[in-house]
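Containing mmCIF, C-alpha atoms and all ligand atoms: structure_4.cif.
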```cif
data_query
#
loop_
_atom_site.label_atom_id
_atom_site.label_comp_id
_atom_site.auth_asym_id
_atom_site.auth_seq_id
_atom_site.Cartn_x
_atom_site.Cartn_y
_atom_site.Cartn_z
CA MET U 1 35.03 -0.84 -56.74
CA THR U 2 37.42 -3.78 -57.11
CA VAL U 3 37.52 -6.14 -54.13
CA THR U 4 41.06 -7.28 -53.33
CA SER U 5 42.05 -10.42 -51.43
CA ARG U 6 44.89 -12.88 -51.07
CA THR U 7 45.34 -16.61 -51.28
CA ARG U 8 48.26 -18.95 -51.88
CA VAL U 9 47.04 -20.74 -55.02
CA GLY U 10 44.57 -19.22 -57.48
CA ILE U 11 42.90 -21.96 -59.50
CA VAL U 12 41.14 -21.30 -62.81
CA GLY U 13 38.47 -23.95 -63.46
CA ALA U 14 36.32 -26.23 -61.27
CA GLY U 15 36.68 -29.40 -63.32
CA PRO U 16 38.29 -32.55 -61.92
CA ALA U 17 41.83 -31.09 -62.14
CA GLY U 18 41.11 -27.80 -60.35
CA LEU U 19 38.85 -29.32 -57.70
CA MET U 20 41.19 -32.20 -56.93
CA LEU U 21 44.12 -29.79 -56.67
CA SER U 22 42.20 -27.59 -54.24
CA VAL U 23 41.27 -30.60 -52.08
CA LEU U 24 44.85 -31.95 -52.03
CA LEU U 25 46.30 -28.52 -51.20
CA ALA U 26 43.81 -28.14 -48.35
CA ARG U 27 44.93 -31.51 -46.94
CA ARG U 28 48.42 -30.00 -46.73
CA GLY U 29 47.20 -26.78 -45.18
CA ILE U 30 47.55 -24.66 -48.33
CA GLU U 31 44.73 -22.22 -49.03
CA SER U 32 43.34 -21.81 -52.54
CA VAL U 33 40.54 -20.01 -54.40
CA ILE U 34 38.80 -21.56 -57.42
CA VAL U 35 37.28 -19.31 -60.08
CA GLU U 36 34.85 -21.05 -62.46
CA SER U 37 32.95 -19.53 -65.37
CA ARG U 38 29.97 -21.93 -65.18
CA THR U 39 27.32 -22.47 -62.52
CA ARG U 40 27.69 -25.19 -59.90
CA GLU U 41 24.68 -27.00 -61.39
CA TYR U 42 26.27 -27.02 -64.85
CA CYS U 43 29.60 -28.38 -63.55
CA GLU U 44 27.83 -31.12 -61.59
CA ALA U 45 25.67 -32.24 -64.52
CA ARG U 46 28.23 -32.15 -67.37
CA GLN U 47 28.31 -35.70 -68.83
CA ARG U 48 31.84 -36.83 -69.57
CA ALA U 49 34.12 -39.60 -68.34
CA GLY U 50 33.38 -42.53 -66.08
CA MET U 51 36.26 -45.02 -65.99
CA LEU U 52 38.79 -44.66 -63.18
CA GLU U 53 42.23 -46.21 -63.10
CA ALA U 54 43.25 -48.02 -59.93
CA GLY U 55 45.62 -45.14 -59.04
CA THR U 56 42.85 -42.53 -59.41
CA VAL U 57 40.61 -44.53 -57.06
CA ALA U 58 43.47 -44.83 -54.54
CA ALA U 59 44.14 -41.08 -54.76
CA LEU U 60 40.49 -40.13 -54.22
CA ARG U 61 40.39 -42.42 -51.18
CA ALA U 62 43.68 -41.06 -49.80
CA ALA U 63 42.35 -37.52 -50.25
CA GLY U 64 39.32 -38.41 -48.11
CA VAL U 65 36.76 -38.15 -50.92
CA GLY U 66 36.26 -41.86 -51.63
CA LYS U 67 33.25 -42.63 -49.45
CA ARG U 68 30.54 -42.51 -52.11
CA LEU U 69 32.95 -43.93 -54.71
CA ASP U 70 33.45 -46.98 -52.47
CA ALA U 71 29.70 -47.35 -51.91
CA GLU U 72 28.51 -46.74 -55.47
CA GLY U 73 31.49 -47.37 -57.79
CA LEU U 74 31.40 -50.53 -59.91
CA GLU U 75 34.71 -52.39 -59.81
CA HIS U 76 35.58 -54.17 -63.06
CA ASP U 77 38.25 -56.84 -63.57
CA GLY U 78 38.76 -55.93 -67.23
CA ILE U 79 37.04 -55.19 -70.54
CA TYR U 80 35.58 -57.14 -73.45
CA LEU U 81 36.91 -56.73 -76.98
CA GLN U 82 34.41 -57.76 -79.67
CA PHE U 83 35.32 -58.29 -83.33
CA ALA U 84 34.56 -60.69 -86.18
CA GLY U 85 31.64 -62.22 -84.28
CA GLU U 86 33.67 -63.01 -81.14
CA ARG U 87 33.64 -61.35 -77.69
CA GLN U 88 36.89 -61.86 -75.76
CA HIS U 89 37.63 -60.82 -72.16
CA VAL U 90 40.89 -59.14 -71.19
CA ASN U 91 41.28 -59.70 -67.45
CA PHE U 92 43.38 -56.90 -65.89
CA ARG U 93 43.20 -58.42 -62.40
CA GLU U 94 44.77 -61.66 -63.61
CA LEU U 95 47.24 -60.00 -65.96
CA VAL U 96 48.55 -57.10 -63.86
CA GLY U 97 46.81 -57.40 -60.48
CA ARG U 98 44.83 -54.17 -60.94
CA THR U 99 41.16 -53.37 -61.52
CA VAL U 100 39.31 -50.32 -62.85
CA THR U 101 36.21 -48.64 -61.43
CA ILE U 102 33.15 -47.11 -63.04
CA TYR U 103 32.16 -43.92 -61.23
CA ALA U 104 30.87 -40.98 -63.26
CA GLN U 105 32.82 -37.73 -63.56
CA THR U 106 29.63 -35.92 -62.51
CA GLU U 107 29.77 -37.75 -59.16
CA ILE U 108 33.48 -37.05 -58.63
CA VAL U 109 32.86 -33.37 -59.30
CA LYS U 110 29.92 -33.35 -56.83
CA ASP U 111 32.05 -35.08 -54.16
CA LEU U 112 34.98 -32.68 -54.61
CA ILE U 113 32.79 -29.56 -54.60
CA ALA U 114 30.96 -30.76 -51.48
CA ASP U 115 34.26 -31.47 -49.72
CA ARG U 116 35.70 -28.01 -50.48
CA LEU U 117 32.57 -26.11 -49.53
CA ALA U 118 32.12 -28.11 -46.30
CA ALA U 119 35.67 -27.16 -45.31
CA GLY U 120 35.00 -23.47 -46.00
CA GLY U 121 36.86 -23.46 -49.32
CA VAL U 122 36.11 -20.73 -51.85
CA ILE U 123 34.69 -21.66 -55.27
CA GLU U 124 33.52 -18.64 -57.19
CA PHE U 125 31.00 -20.04 -59.71
CA SER U 126 29.56 -18.05 -62.64
CA ALA U 127 32.62 -15.80 -62.80
CA SER U 128 33.21 -13.69 -65.91
CA SER U 129 36.14 -11.67 -67.33
CA VAL U 130 38.57 -14.17 -65.76
CA ALA U 131 42.18 -13.07 -66.32
CA VAL U 132 45.64 -13.87 -65.02
CA SER U 133 48.60 -11.46 -64.82
CA GLY U 134 52.10 -11.28 -63.36
CA ILE U 135 52.99 -14.96 -63.83
CA GLU U 136 56.68 -14.07 -64.29
CA SER U 137 56.71 -12.39 -60.85
CA ALA U 138 56.44 -13.98 -57.40
CA ALA U 139 53.02 -12.37 -56.96
CA PRO U 140 50.67 -13.27 -59.85
CA VAL U 141 47.10 -11.95 -59.79
CA LEU U 142 43.86 -13.73 -60.64
CA SER U 143 41.11 -11.30 -61.54
CA TYR U 144 37.43 -11.88 -62.32
CA THR U 145 33.98 -10.41 -62.03
CA ASP U 146 31.63 -12.31 -59.71
CA SER U 147 28.03 -13.31 -60.48
CA ALA U 148 26.76 -10.05 -58.91
CA GLY U 149 28.93 -7.99 -61.27
CA VAL U 150 31.58 -7.08 -58.66
CA PRO U 151 35.20 -7.09 -59.92
CA HIS U 152 37.81 -8.96 -57.83
CA GLU U 153 41.60 -9.18 -57.77
CA VAL U 154 43.16 -12.07 -55.87
CA ALA U 155 46.88 -11.83 -55.11
CA CYS U 156 48.43 -15.32 -55.26
CA ASP U 157 51.75 -17.11 -54.89
CA VAL U 158 50.94 -19.45 -57.78
CA ILE U 159 48.20 -19.76 -60.43
CA ALA U 160 46.97 -23.16 -61.57
CA GLY U 161 45.43 -23.19 -65.06
CA CYS U 162 42.90 -26.02 -64.80
CA ASP U 163 40.46 -24.47 -67.26
CA GLY U 164 40.14 -27.21 -69.84
CA PHE U 165 40.88 -27.20 -73.56
CA HIS U 166 39.03 -23.93 -74.30
CA GLY U 167 40.35 -22.02 -71.29
CA ILE U 168 42.59 -18.94 -71.11
CA ALA U 169 45.63 -20.29 -69.28
CA ARG U 170 47.45 -22.25 -71.98
CA ALA U 171 47.79 -19.17 -74.22
CA LEU U 172 49.77 -17.41 -71.45
CA VAL U 173 52.72 -19.80 -71.81
CA PRO U 174 55.19 -18.21 -74.25
CA GLY U 175 56.90 -20.50 -76.76
CA LEU U 176 54.40 -23.28 -76.17
CA SER U 177 54.81 -26.31 -78.46
CA ALA U 178 51.60 -28.11 -79.39
CA TYR U 179 51.26 -31.48 -81.10
CA GLU U 180 47.91 -32.48 -82.50
CA ARG U 181 46.14 -35.27 -84.37
CA THR U 182 42.53 -35.10 -85.49
CA TYR U 183 40.51 -38.15 -86.51
CA PRO U 184 37.95 -38.48 -89.31
CA TYR U 185 35.29 -39.71 -86.87
CA ALA U 186 33.44 -38.65 -83.72
CA TRP U 187 31.47 -40.40 -80.94
CA LEU U 188 27.72 -40.13 -80.73
CA GLY U 189 27.09 -40.77 -77.02
CA ILE U 190 23.84 -41.51 -75.24
CA LEU U 191 22.87 -41.84 -71.61
CA ALA U 192 19.91 -44.19 -71.15
CA ASP U 193 17.70 -45.28 -68.28
CA ALA U 194 18.47 -48.92 -69.00
CA GLY U 195 20.20 -51.40 -66.73
CA PRO U 196 23.45 -52.57 -68.42
CA SER U 197 23.22 -55.86 -70.33
CA THR U 198 26.89 -56.47 -69.63
CA ASP U 199 28.96 -56.78 -66.45
CA GLU U 200 31.94 -54.93 -67.97
CA LEU U 201 32.63 -52.52 -70.85
CA ILE U 202 32.41 -53.87 -74.40
CA TYR U 203 34.65 -52.34 -77.08
CA SER U 204 33.13 -53.58 -80.34
CA ARG U 205 34.77 -53.26 -83.74
CA HIS U 206 32.07 -53.76 -86.36
CA PRO U 207 32.54 -53.33 -90.14
CA ASP U 208 30.07 -50.40 -89.97
CA GLY U 209 31.98 -48.68 -87.18
CA PHE U 210 33.08 -48.89 -83.56
CA ALA U 211 30.67 -49.03 -80.61
CA LEU U 212 31.32 -48.87 -76.87
CA TYR U 213 28.99 -50.24 -74.21
CA SER U 214 29.62 -48.53 -70.91
CA MET U 215 27.54 -47.84 -67.83
CA ARG U 216 27.21 -45.27 -65.06
CA SER U 217 25.28 -47.32 -62.45
CA PRO U 218 23.20 -50.52 -62.22
CA GLU U 219 20.28 -48.48 -63.68
CA VAL U 220 22.00 -46.26 -66.24
CA SER U 221 23.92 -47.19 -69.40
CA ARG U 222 26.26 -44.99 -71.44
CA LEU U 223 26.69 -46.09 -75.04
CA TYR U 224 28.66 -44.69 -77.95
CA LEU U 225 28.67 -45.10 -81.73
CA GLN U 226 31.44 -44.12 -84.12
CA VAL U 227 29.99 -41.58 -86.59
CA PRO U 228 31.63 -39.34 -89.23
CA ALA U 229 33.40 -36.29 -87.79
CA ASP U 230 30.89 -33.89 -89.35
CA GLU U 231 27.78 -35.88 -88.34
CA SER U 232 24.65 -34.05 -87.20
CA LEU U 233 22.65 -35.26 -84.19
CA ASP U 234 19.47 -34.53 -86.17
CA ALA U 235 20.26 -37.55 -88.36
CA TRP U 236 19.95 -39.87 -85.36
CA SER U 237 16.48 -40.60 -84.01
CA ASP U 238 16.34 -42.72 -80.85
CA ASP U 239 15.09 -45.68 -82.91
CA ARG U 240 18.00 -45.40 -85.32
CA ILE U 241 20.50 -45.24 -82.43
CA TRP U 242 19.13 -48.39 -80.77
CA ALA U 243 19.01 -50.27 -84.09
CA GLU U 244 22.62 -49.36 -84.83
CA LEU U 245 23.74 -50.34 -81.32
CA GLN U 246 21.95 -53.73 -81.63
CA LYS U 247 23.72 -54.32 -84.93
CA ARG U 248 27.21 -53.33 -83.80
CA PHE U 249 27.03 -55.40 -80.57
CA ALA U 250 25.15 -58.35 -82.09
CA LEU U 251 26.00 -61.79 -80.71
CA PRO U 252 23.71 -64.86 -80.83
CA GLY U 253 21.43 -64.99 -77.76
CA TRP U 254 22.43 -61.53 -76.50
CA SER U 255 20.98 -58.04 -77.04
CA VAL U 256 21.32 -54.48 -75.77
CA ALA U 257 18.66 -53.56 -73.15
CA THR U 258 16.92 -50.38 -74.29
CA GLY U 259 15.34 -47.55 -72.29
CA GLN U 260 14.62 -43.84 -72.25
CA ILE U 261 17.49 -41.81 -73.74
CA THR U 262 18.14 -38.89 -71.36
CA ASP U 263 21.20 -37.30 -73.00
CA LYS U 264 22.56 -37.33 -76.54
CA SER U 265 25.71 -35.64 -77.83
CA ILE U 266 28.44 -35.81 -80.45
CA THR U 267 32.07 -35.52 -79.31
CA PRO U 268 34.82 -34.84 -81.85
CA MET U 269 38.02 -36.78 -81.45
CA ARG U 270 41.41 -35.22 -81.07
CA SER U 271 44.83 -35.92 -79.59
CA PHE U 272 46.57 -32.76 -78.37
CA VAL U 273 49.61 -32.29 -76.15
CA ALA U 274 51.09 -28.89 -75.32
CA GLY U 275 54.14 -28.01 -73.29
CA PRO U 276 55.83 -26.81 -71.26
CA MET U 277 53.08 -27.13 -68.65
CA ARG U 278 54.64 -24.44 -66.50
CA HIS U 279 55.83 -20.90 -67.05
CA GLY U 280 57.03 -18.87 -64.06
CA ARG U 281 54.26 -19.03 -61.44
CA LEU U 282 51.65 -20.50 -63.83
CA PHE U 283 51.14 -24.28 -63.86
CA LEU U 284 48.78 -26.03 -66.30
CA ALA U 285 46.88 -29.24 -65.52
CA GLY U 286 44.46 -31.59 -67.27
CA ASP U 287 42.69 -30.74 -70.52
CA ALA U 288 44.27 -27.26 -70.46
CA ALA U 289 47.48 -28.98 -71.60
CA HIS U 290 46.43 -32.26 -73.21
CA ILE U 291 43.39 -34.07 -74.53
CA VAL U 292 43.03 -37.62 -75.79
CA PRO U 293 40.34 -39.45 -77.73
CA PRO U 294 38.10 -41.09 -75.10
CA CYS U 295 38.67 -44.68 -76.31
CA GLY U 296 41.52 -45.21 -73.82
CA ALA U 297 39.51 -43.70 -70.91
CA LYS U 298 42.47 -41.50 -69.96
CA GLY U 299 41.34 -37.83 -69.93
CA LEU U 300 39.93 -37.70 -66.42
CA ASN U 301 42.70 -39.90 -65.04
CA LEU U 302 45.37 -37.65 -66.52
CA ALA U 303 43.66 -34.57 -65.04
CA VAL U 304 43.62 -36.12 -61.56
CA GLY U 305 47.23 -37.29 -62.00
CA ASP U 306 48.40 -33.77 -62.88
CA ALA U 307 46.64 -32.41 -59.79
CA ILE U 308 48.46 -34.95 -57.59
CA VAL U 309 51.86 -34.08 -59.08
CA MET U 310 51.11 -30.35 -58.81
CA ALA U 311 49.97 -30.60 -55.18
CA SER U 312 53.26 -32.22 -54.20
CA ALA U 313 55.27 -29.69 -56.22
CA LEU U 314 53.42 -26.70 -54.72
CA SER U 315 53.68 -28.09 -51.18
CA ALA U 316 57.46 -28.33 -51.55
CA LEU U 317 57.63 -24.87 -53.15
CA LEU U 318 55.31 -23.00 -50.80
CA LEU U 319 55.90 -24.82 -47.51
CA ASP U 320 59.57 -25.86 -47.76
CA GLY U 321 60.93 -23.35 -50.28
CA SER U 322 62.16 -26.21 -52.50
CA ALA U 323 61.70 -25.69 -56.25
CA THR U 324 62.96 -29.15 -57.30
CA LEU U 325 59.52 -30.73 -57.84
CA ALA U 326 58.08 -27.55 -59.36
CA ASP U 327 60.96 -27.43 -61.84
CA ALA U 328 60.32 -31.08 -62.75
CA TYR U 329 56.51 -30.63 -62.93
CA SER U 330 56.15 -30.17 -66.67
CA ASP U 331 58.46 -33.04 -67.64
CA THR U 332 56.85 -35.37 -65.08
CA CYS U 333 53.33 -34.68 -66.35
CA LEU U 334 54.19 -34.63 -70.06
CA ARG U 335 55.92 -38.01 -69.81
CA ARG U 336 52.73 -39.57 -68.45
CA ALA U 337 50.54 -37.57 -70.86
CA TRP U 338 52.48 -38.88 -73.85
CA ARG U 339 52.18 -42.49 -72.62
CA ALA U 340 48.40 -42.00 -72.33
CA THR U 341 48.31 -40.21 -75.69
CA GLN U 342 50.03 -43.10 -77.43
CA PHE U 343 47.77 -45.66 -75.69
CA SER U 344 44.60 -43.73 -76.57
CA TYR U 345 45.77 -43.50 -80.18
CA PHE U 346 46.50 -47.25 -80.15
CA MET U 347 43.04 -48.15 -78.78
CA THR U 348 41.33 -45.77 -81.22
CA SER U 349 43.26 -46.99 -84.26
CA MET U 350 42.68 -50.64 -83.35
CA THR U 351 38.90 -50.33 -83.10
CA HIS U 352 37.65 -47.49 -85.35
CA VAL U 353 36.81 -48.27 -88.94
CA LEU U 354 38.03 -46.16 -91.86
CA PRO U 355 35.73 -46.21 -94.91
CA ASN U 356 36.98 -48.22 -97.88
CA ASP U 357 40.29 -49.22 -96.33
CA PRO U 358 40.61 -53.03 -96.56
CA PHE U 359 44.29 -52.90 -95.54
CA ASP U 360 43.37 -51.16 -92.28
CA ASP U 361 40.45 -53.60 -91.71
CA LEU U 362 42.72 -56.64 -91.88
CA ALA U 363 45.51 -55.01 -89.86
CA GLN U 364 42.98 -54.11 -87.11
CA LEU U 365 41.63 -57.65 -86.96
CA ALA U 366 45.19 -59.01 -86.73
CA GLN U 367 45.89 -56.63 -83.83
CA LEU U 368 42.64 -57.50 -82.03
CA ARG U 369 43.40 -61.23 -82.37
CA TYR U 370 46.91 -60.56 -81.05
CA VAL U 371 45.88 -58.63 -77.92
CA THR U 372 43.25 -61.26 -77.08
CA SER U 373 45.49 -64.30 -77.63
CA SER U 374 49.02 -63.28 -76.66
CA PRO U 375 49.56 -62.92 -72.87
CA ALA U 376 52.38 -60.44 -73.59
CA ALA U 377 50.15 -58.19 -75.74
CA ALA U 378 47.18 -58.51 -73.36
CA THR U 379 49.42 -57.61 -70.41
CA SER U 380 50.60 -54.46 -72.17
CA LEU U 381 46.99 -53.41 -72.83
CA ALA U 382 45.98 -54.21 -69.23
CA GLU U 383 48.95 -52.33 -67.78
CA ASN U 384 48.16 -49.20 -69.77
CA TYR U 385 44.37 -49.28 -69.42
CA SER U 386 44.40 -49.80 -65.65
CA GLY U 387 46.99 -47.04 -65.19
CA TYR U 388 50.71 -47.04 -65.94
CA GLU U 389 52.90 -45.15 -63.46
CA SER U 390 49.96 -43.44 -61.75
CA PRO U 391 51.16 -40.72 -59.37
CA LYS U 392 50.39 -41.38 -55.71
CA PHE U 393 49.00 -38.96 -53.15
CA GLU U 394 50.46 -39.53 -49.68
CA SER U 395 48.04 -38.13 -47.13
C1 LIG S 401 32.29 -33.83 -74.38
C2 LIG S 401 33.39 -34.60 -73.66
C3 LIG S 401 33.24 -35.98 -73.41
C4 LIG S 401 34.25 -36.70 -72.74
N1 LIG S 401 34.11 -38.05 -72.51
C5 LIG S 401 35.11 -38.73 -71.88
C6 LIG S 401 35.03 -40.11 -71.62
O1 LIG S 401 34.04 -40.76 -71.98
N2 LIG S 401 36.09 -40.71 -70.98
C7 LIG S 401 37.21 -40.01 -70.57
O2 LIG S 401 38.14 -40.55 -69.95
N3 LIG S 401 37.30 -38.71 -70.80
C8 LIG S 401 36.28 -38.06 -71.43
N4 LIG S 401 36.39 -36.75 -71.64
C9 LIG S 401 37.57 -36.11 -71.13
C10 LIG S 401 37.45 -35.78 -69.63
O3 LIG S 401 36.12 -35.53 -69.29
C11 LIG S 401 38.37 -34.62 -69.39
O4 LIG S 401 39.68 -35.08 -69.67
C12 LIG S 401 38.29 -34.03 -68.00
O5 LIG S 401 37.07 -33.36 -67.81
C13 LIG S 401 39.45 -33.08 -67.78
O6 LIG S 401 39.29 -32.38 -66.58
P1 LIG S 401 39.84 -30.90 -66.43
O7 LIG S 401 39.55 -30.51 -65.04
O8 LIG S 401 41.23 -30.84 -66.92
O9 LIG S 401 39.02 -30.04 -67.47
P2 LIG S 401 37.43 -29.71 -67.53
O10 LIG S 401 36.64 -30.84 -66.99
O11 LIG S 401 37.16 -29.26 -68.92
O12 LIG S 401 37.27 -28.50 -66.54
C14 LIG S 401 37.71 -27.20 -66.86
C15 LIG S 401 36.84 -26.21 -66.13
O13 LIG S 401 37.31 -24.89 -66.40
C16 LIG S 401 36.21 -24.05 -66.64
N5 LIG S 401 36.68 -22.91 -67.43
C17 LIG S 401 36.99 -22.87 -68.74
N6 LIG S 401 37.40 -21.64 -69.08
C18 LIG S 401 37.36 -20.88 -67.98
C19 LIG S 401 37.67 -19.54 -67.70
N7 LIG S 401 38.12 -18.71 -68.65
N8 LIG S 401 37.50 -19.09 -66.44
C20 LIG S 401 37.06 -19.91 -65.47
N9 LIG S 401 36.74 -21.20 -65.67
C21 LIG S 401 36.90 -21.69 -66.91
C22 LIG S 401 35.21 -24.94 -67.36
O14 LIG S 401 33.89 -24.44 -67.27
C23 LIG S 401 35.39 -26.24 -66.61
O15 LIG S 401 34.53 -26.36 -65.50
C24 LIG S 401 35.40 -36.02 -72.33
C25 LIG S 401 35.54 -34.64 -72.58
C26 LIG S 401 34.56 -33.94 -73.26
C27 LIG S 401 34.74 -32.46 -73.55
#
```
Can the structure in the file be given as structure tokens, please?
Amino acid sequence: MTVTSRTRVGIVGAGPAGLMLSVLLARRGIESVIVESRTREYCEARQRAGMLEAGTVAALRAAGVGKRLDAEGLEHDGIYLQFAGERQHVNFRELVGRTVTIYAQTEIVKDLIADRLAAGGVIEFSASSVAVSGIESAAPVLSYTDSAGVPHEVACDVIAGCDGFHGIARALVPGLSAYERTYPYAWLGILADAGPSTDELIYSRHPDGFALYSMRSPEVSRLYLQVPADESLDAWSDDRIWAELQKRFALPGWSVATGQITDKSITPMRSFVAGPMRHGRLFLAGDAAHIVPPCGAKGLNLAVGDAIVMASALSALLLDGSATLADAYSDTCLRRAWRATQFSYFMTSMTHVLPNDPFDDLAQLAQLRYVTSSPAAATSLAENYSGYESPKFES
């Protein structure tokens, strides 16, 4: 027999967007239910982003989930850009008065889940047959089957589609326009038990391909190599990965500290923006509506930003009966998504090598020299990387 219940906001997906939305709504006294197809363990262990804009850090703090972030996050003043045998620092603090913070997406997800469950919030993990209906009415329904096989129907005021790129929500928006760019390369990423050999991220453009040196904690490094889009992980032994990393980051007197590789994956690269991000009582957020290549470190920050904008819009709609912010939701989010999309494309195109393209090689080097020597160009990079027009959450 189907179990029926009611909540104000039904949320599909317990990624950063859905969890943050649920936390922010709870702060404003609005009840929600999250339905997630994966297990809690899977969601908490999924290796993804790790670089937080200043506005994302401020929002997590304002939402009351910044305690561990403040204790364990690594604040960085900027990034290094390496090319043609040089390593140059771009100092965001000096250029735009903002910093960025390393704190893994896995940890944000753990913090948000813990906060919701401690407050009695409902997150239905391992749900199947998740479906949404009635989004053109004032009473949409979120239905699913729970992990014990029991079917549920949750009557809602609003549904939030926070179910990532492969979710079900985006397809429910009629007349959706989607804009896409694929790239001829992917990122081979590793997680290694090795203390970082650098104090801040290194974006290295090497003639054999791009490499990124990132970290998750003082004990764990996260490193990436540009590989062809159709590359197989089987072609990359641990020894080959370390040798390639040493080569692409090589500088006299400096080397990459090695250690046990604990995770290895290949991520394809794509820019994708779809809109409108709202239809009737369905609102999309995060990767459900837009994805960016990870070079600009924007995906997670955009997801959190959408959740902040949606929480304000839904508060006005559900508590005050004002539809002004809800009506502006899609345009507000898409404007920021397109800025991040262009910046991510810019960072990717400036640093990733195309085979046999000497024109592109020389144009990239000219651009890298420009952003590391011109204060105007460096300021533009710093302003975008550290977060341009980040939405604020007022607690
Ligand atoms: C492999 C990978 C690596 C990445 N690396 C980086 C990086 O290094 N830096 C960076 O900034 N960004 C990175 N990103 C992007 C960043 O992690 C995402 O932008 C971010 O996770 C978006 O959050 P979200 O909540 O919108 O979506 P997600 O994190 O994808 O969450 C969506 C949730 O919805 C659930 N779901 C899906 N379908 C259903 C359904 N039908 N019913 C119920 N639940 C469903 C999923 O299981 C998931 O938990 C990466 C993304 C991927 C895929």
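Between Thr2 (chain U) and the residues U:Arg205, U:His152, U:Lys298, U:Lys264, the shortest atom-to-atom distance, using all atoms listed in the file, involves U:His152.
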Q | Residue contacts of Arg281 (chain U) (12 Å, all atoms listed in the file) excluding same-chain residues fewer than 6 positions away, as a PyMOL selection string | A | chain U and resi 8-11+132-142+156-161+169+172-173+313-314+317-318+323+326-327+329
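Near Leu368 (chain U), within a cut-off of 10 Å and counting only C-alpha atoms, sit the residues U:Leu81, U:Gln82, U:Phe83, U:Ala84, U:Gln88, U:Arg205, U:Met347, U:Met350, U:Thr351, U:Leu362, U:Ala363, U:Gln364, U:Leu365, U:Ala366, U:Tyr370, U:Val371, U:Thr372, U:Ser373, U:Ala377, U:Ala378, with same-chain residues fewer than 2 positions away left out.
The coordinates place CA of Met1 (chain U) at 20.7 Å from CA of Ser37 (chain U).
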(Q) Could you list the protein, DNA and RNA residues that have any atom within 6 Å of ligand LIG 401 (chain S), counting all atoms listed in the file, and write them as number ranges by chain? (A) U: 12-18, 35-38, 43, 48-50, 130, 162-164, 166-168, 267, 286-288, 294, 297-300, 303
Q: Write out as a ChimeraX atom specification the residues lying within 12 Å of region 332-335 of chain U, counting only C-alpha atoms and excluding same-chain residues fewer than 5 positions away.
A: /U:177-179,272-278,283-286,289-291,301-310,312-313,324-327,340-342,388-391
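You will find CA of Val33 (chain U) at 26.1 Å from CA of Gly55 (chain U).
Remark: for Ile202 (chain U), the closest of the candidate residues U:Val90, U:Val227, U:Ile123, U:Ala148 is U:Val90 (distances computed over all atoms listed in the file).
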